[in-house]
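Comments concern the structure below.
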Amino acid sequence: MGTYLITGATGGIGAAVADLLYEAGQSLILVGRSAERLAETAARLGHPTPLAVEPTAHPSVEHRVRVLELDLSDPRRIEAALADAGLPPLDGVVHSAGVVELGRVAEAPPGAWVEQLLVNAAAPAELTRLLLPQLRAARGHVVFVNSGSGLRARGGWGAYAASKHALRALADALRDEEPDIRVTSVYPGRTASEMQRKVRDQEGGEYDPADYMSAPTVATVIVNALTTPRDATVTDISVRG
């Protein structure tokens with residue numbers, strides 16, 4: 001069994017990935033910016049009191065879930081937040097956290113561009129950089145949960161698409177630079193989640209989860225990539241509902 005770190009682990013695709021990996025017997029480090037929601041997620045996985053990430057060895061069989069409160073909106077603070085974490089070798093990192101703010105180029109303020117580029121691209125880059133020793137030690141696997149917007153930009157989605165195109169570039173560069181680490185980009189279409197609810201609100205439409213892929217469906221694709229035998233790497237996956 002291995003250890004996997006998941007960002008955006010308190011909801012949507014990240015939470016669904018956590019569910020599947022936990023059910024498979026893996027150890028988890030759940031990353032989110034809300035201590036309350038991290039506690040709820042850990043409790044849902046069978047841990048009434050979530051464990052903070054501490055400078056200790058691998059978690060025991062009884063305590064396979066640890067949590068790390070981390071705000072990805074300022075990548076410059078990630079290193080300090082990880083300084084005392086004492087993370088073990090990592091078999092995988094799943095970058096699932098993200099933000100979205102729609103707006104036409106003529107109307108989107110600079111802050112919308114900056115926030116999305118920071119959270120969706122710069123933060124995964126910095127977190128990956130800091131976790132490379134743990135990933136190298138386990139010959140681990142990095143999964144970037146991208147978006148269809150990382151393949152094609154549409155009107156109103158310019159800033160978000162730019163951040164996801166940057167995330168794709170990060171994945172491709174990392175794959176070339178770190179041959180012992182497997183790297184996968186996943187490009188889901190619209191998925192039922194709170195983020196999708198926000199998108200529909202920004203678009204002025206109704207949100208019905210039944211209209212979209214479920215988060216567990218996308219999570220299954222991600223976990224299948226993570227469990228692919230080591231003689232192959234699944235590099236890019238587009239998932240459409």
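Ordering of the structure tokens sets the chain letters (A, B, ...); residue numbers start at 1 within each chain; ligands are numbered from 1 in the order shown.
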List as a list in words the protein and nucleic acid residues near Asp19 in chain A, meaning an atom at most 8 Å away when only C-alpha atoms are counted, but skip any in the same chain fewer than 4 places from it. Ala15, Glu23 and Leu45 of chain A
Give me, as a Markdown table, each residue of range 145-204 of chain A that comes within 10 Å of range 226-240 of chain A, together with its shortest interatomic pair and the distance in Å at one decimal, counting only C-alpha atoms, with rows ordered by chain and rising residue number.
```
| residue | atom | partner | partner_atom | distance |
| --- | --- | --- | --- | --- |
| A:Val145 | CA | A:Ile237 | CA | 9.8 |
| A:Asn146 | CA | A:Ser238 | CA | 9.4 |
| A:Ser147 | CA | A:Ser238 | CA | 8.4 |
| A:Gly148 | CA | A:Ser238 | CA | 7.5 |
| A:Leu151 | CA | A:Ser238 | CA | 9.4 |
| A:Arg168 | CA | A:Asp236 | CA | 9.5 |
| A:Ala171 | CA | A:Thr235 | CA | 9.0 |
| A:Asp172 | CA | A:Thr235 | CA | 8.8 |
| A:Arg175 | CA | A:Thr235 | CA | 8.7 |
| A:Ile181 | CA | A:Thr233 | CA | 9.6 |
| A:Arg182 | CA | A:Thr233 | CA | 6.2 |
| A:Val183 | CA | A:Thr235 | CA | 6.2 |
| A:Thr184 | CA | A:Thr235 | CA | 4.4 |
| A:Ser185 | CA | A:Asp236 | CA | 4.8 |
| A:Val186 | CA | A:Ile237 | CA | 4.8 |
| A:Tyr187 | CA | A:Ser238 | CA | 4.6 |
| A:Pro188 | CA | A:Val239 | CA | 4.6 |
| A:Gly189 | CA | A:Arg240 | CA | 4.9 |
| A:Arg190 | CA | A:Arg240 | CA | 7.6 |
| A:Thr191 | CA | A:Arg240 | CA | 9.0 |
```
Would you tabulate, counting only C-alpha atoms, all residues of range 102-140 of chain A that have an atom at most 10 Å from an atom of range 75-83 of chain A, showing the closest pair of atoms and their distance in Å to one decimal, sorted by chain then ascending number, as a Markdown table?
```
| residue | atom | partner | partner_atom | distance |
| --- | --- | --- | --- | --- |
| A:Leu118 | CA | A:Pro75 | CA | 7.0 |
| A:Val119 | CA | A:Pro75 | CA | 7.7 |
| A:Ala121 | CA | A:Pro75 | CA | 9.7 |
| A:Ala122 | CA | A:Pro75 | CA | 6.5 |
| A:Ala123 | CA | A:Pro75 | CA | 4.8 |
| A:Pro124 | CA | A:Pro75 | CA | 8.3 |
| A:Ala125 | CA | A:Pro75 | CA | 8.7 |
| A:Glu126 | CA | A:Pro75 | CA | 6.3 |
| A:Leu127 | CA | A:Ile78 | CA | 6.8 |
| A:Arg129 | CA | A:Glu79 | CA | 9.6 |
| A:Leu130 | CA | A:Glu79 | CA | 6.9 |
| A:Leu131 | CA | A:Leu82 | CA | 9.2 |
```
Selected residues written out with N, CA, C and O atoms, as a PDB file, in the first residue's frame:
```
ATOM      1  N   LEU A 118      -2.626  31.905 -10.029  1.00  0.00           N
ATOM      2  CA  LEU A 118      -1.952  31.511  -8.790  1.00  0.00           C
ATOM      3  C   LEU A 118      -2.442  30.154  -8.307  1.00  0.00           C
ATOM      4  O   LEU A 118      -1.648  29.233  -8.054  1.00  0.00           O
ATOM      5  N   VAL A 119      -3.761  30.017  -8.134  1.00  0.00           N
ATOM      6  CA  VAL A 119      -4.315  28.794  -7.549  1.00  0.00           C
ATOM      7  C   VAL A 119      -4.239  27.620  -8.512  1.00  0.00           C
ATOM      8  O   VAL A 119      -3.900  26.496  -8.119  1.00  0.00           O
ATOM      9  N   ALA A 121      -2.325  27.190 -11.325  1.00  0.00           N
ATOM     10  CA  ALA A 121      -1.062  26.858 -11.996  1.00  0.00           C
ATOM     11  C   ALA A 121       0.157  27.049 -11.095  1.00  0.00           C
ATOM     12  O   ALA A 121       0.954  26.130 -10.914  1.00  0.00           O
ATOM     13  N   ALA A 122       0.316  28.247 -10.531  1.00  0.00           N
ATOM     14  CA  ALA A 122       1.516  28.509  -9.725  1.00  0.00           C
ATOM     15  C   ALA A 122       1.551  27.661  -8.462  1.00  0.00           C
ATOM     16  O   ALA A 122       2.616  27.151  -8.067  1.00  0.00           O
ATOM     17  N   ALA A 123       0.417  27.491  -7.802  1.00  0.00           N
ATOM     18  CA  ALA A 123       0.389  26.684  -6.579  1.00  0.00           C
ATOM     19  C   ALA A 123       0.712  25.210  -6.845  1.00  0.00           C
ATOM     20  O   ALA A 123       1.535  24.616  -6.126  1.00  0.00           O
ATOM     21  N   PRO A 124       0.112  24.570  -7.849  1.00  0.00           N
ATOM     22  CA  PRO A 124       0.527  23.203  -8.160  1.00  0.00           C
ATOM     23  C   PRO A 124       2.006  23.091  -8.513  1.00  0.00           C
ATOM     24  O   PRO A 124       2.671  22.109  -8.162  1.00  0.00           O
ATOM     25  N   ALA A 125       2.535  24.106  -9.205  1.00  0.00           N
ATOM     26  CA  ALA A 125       3.961  24.082  -9.546  1.00  0.00           C
ATOM     27  C   ALA A 125       4.826  24.130  -8.298  1.00  0.00           C
ATOM     28  O   ALA A 125       5.782  23.352  -8.141  1.00  0.00           O
ATOM     29  N   GLU A 126       4.489  25.034  -7.376  1.00  0.00           N
ATOM     30  CA  GLU A 126       5.286  25.172  -6.164  1.00  0.00           C
ATOM     31  C   GLU A 126       5.136  23.954  -5.248  1.00  0.00           C
ATOM     32  O   GLU A 126       6.123  23.452  -4.694  1.00  0.00           O
ATOM     33  N   LEU A 127       3.926  23.470  -5.097  1.00  0.00           N
ATOM     34  CA  LEU A 127       3.727  22.292  -4.250  1.00  0.00           C
ATOM     35  C   LEU A 127       4.454  21.088  -4.824  1.00  0.00           C
ATOM     36  O   LEU A 127       5.089  20.324  -4.083  1.00  0.00           O
ATOM     37  N   ARG A 129       7.125  21.152  -6.726  1.00  0.00           N
ATOM     38  CA  ARG A 129       8.564  21.387  -6.512  1.00  0.00           C
ATOM     39  C   ARG A 129       8.979  20.957  -5.106  1.00  0.00           C
ATOM     40  O   ARG A 129       9.994  20.275  -4.925  1.00  0.00           O
ATOM     41  N   LEU A 130       8.187  21.336  -4.132  1.00  0.00           N
ATOM     42  CA  LEU A 130       8.535  21.041  -2.740  1.00  0.00           C
ATOM     43  C   LEU A 130       8.376  19.554  -2.410  1.00  0.00           C
ATOM     44  O   LEU A 130       9.038  19.052  -1.496  1.00  0.00           O
ATOM     45  N   LEU A 131       7.507  18.863  -3.149  1.00  0.00           N
ATOM     46  CA  LEU A 131       7.270  17.440  -2.880  1.00  0.00           C
ATOM     47  C   LEU A 131       8.138  16.515  -3.725  1.00  0.00           C
ATOM     48  O   LEU A 131       8.061  15.287  -3.574  1.00  0.00           O
TER      49      LEU A 131
END
```
Can you tell me, as an MDAnalysis selection string, which residues in range 2-237 of chain A count as alpha helix (DSSP H) by DSSP? chainID A and resid 12:23 35:44 78:82 110:117 123:138 158:177 194:203 215:226
What lies within 6 Å of range 212-220 of chain A using only C-alpha atoms, ignoring chain neighbours under 5 positions off, as a ChimeraX atom specification? /A:12-13,16-17,190-192,241
Contact residues around Ala9 in chain A with only C-alpha atoms at 9 Å, ignoring same-chain residues under 3 positions, as a list in words: Leu5, Ile6, Gly12, Ile13, Gly14, Ala15, Ala16, Val17, Ala18, Ile29, Leu30, Val31, Gly32, Leu38, Thr41, Ser96 and Ala97 of chain A
For C-alpha atoms, I'd like the residues from the last selection saved as a PDB file, in the first residue's frame.
```
ATOM      1  CA  LEU A   5      -1.512  13.485  -1.133  1.00  0.00           C
ATOM      2  CA  ILE A   6      -4.674  15.066  -2.537  1.00  0.00           C
ATOM      3  CA  GLY A  12     -15.827  17.294  -5.796  1.00  0.00           C
ATOM      4  CA  ILE A  13     -13.287  15.186  -7.664  1.00  0.00           C
ATOM      5  CA  GLY A  14     -10.677  15.410  -4.891  1.00  0.00           C
ATOM      6  CA  ALA A  15     -13.030  13.967  -2.276  1.00  0.00           C
ATOM      7  CA  ALA A  16     -14.109  11.220  -4.673  1.00  0.00           C
ATOM      8  CA  VAL A  17     -10.474  10.269  -5.330  1.00  0.00           C
ATOM      9  CA  ALA A  18      -9.901  10.138  -1.567  1.00  0.00           C
ATOM     10  CA  ILE A  29      -2.823  13.163   3.232  1.00  0.00           C
ATOM     11  CA  LEU A  30      -5.810  15.407   2.608  1.00  0.00           C
ATOM     12  CA  VAL A  31      -5.081  19.041   1.739  1.00  0.00           C
ATOM     13  CA  GLY A  32      -7.604  21.849   1.961  1.00  0.00           C
ATOM     14  CA  LEU A  38     -11.022  18.657   6.399  1.00  0.00           C
ATOM     15  CA  THR A  41     -13.886  14.618   5.298  1.00  0.00           C
ATOM     16  CA  SER A  96      -7.501  18.655  -7.668  1.00  0.00           C
ATOM     17  CA  ALA A  97      -7.883  22.102  -6.089  1.00  0.00           C
TER      18      ALA A  97
END
```
Could you go through range 109-228 of chain A and tell me which residues DSSP, when run on the backbone, assigns to strand (DSSP E), listing them as a PyMOL selection string? chain A and resi 141-145+182-188
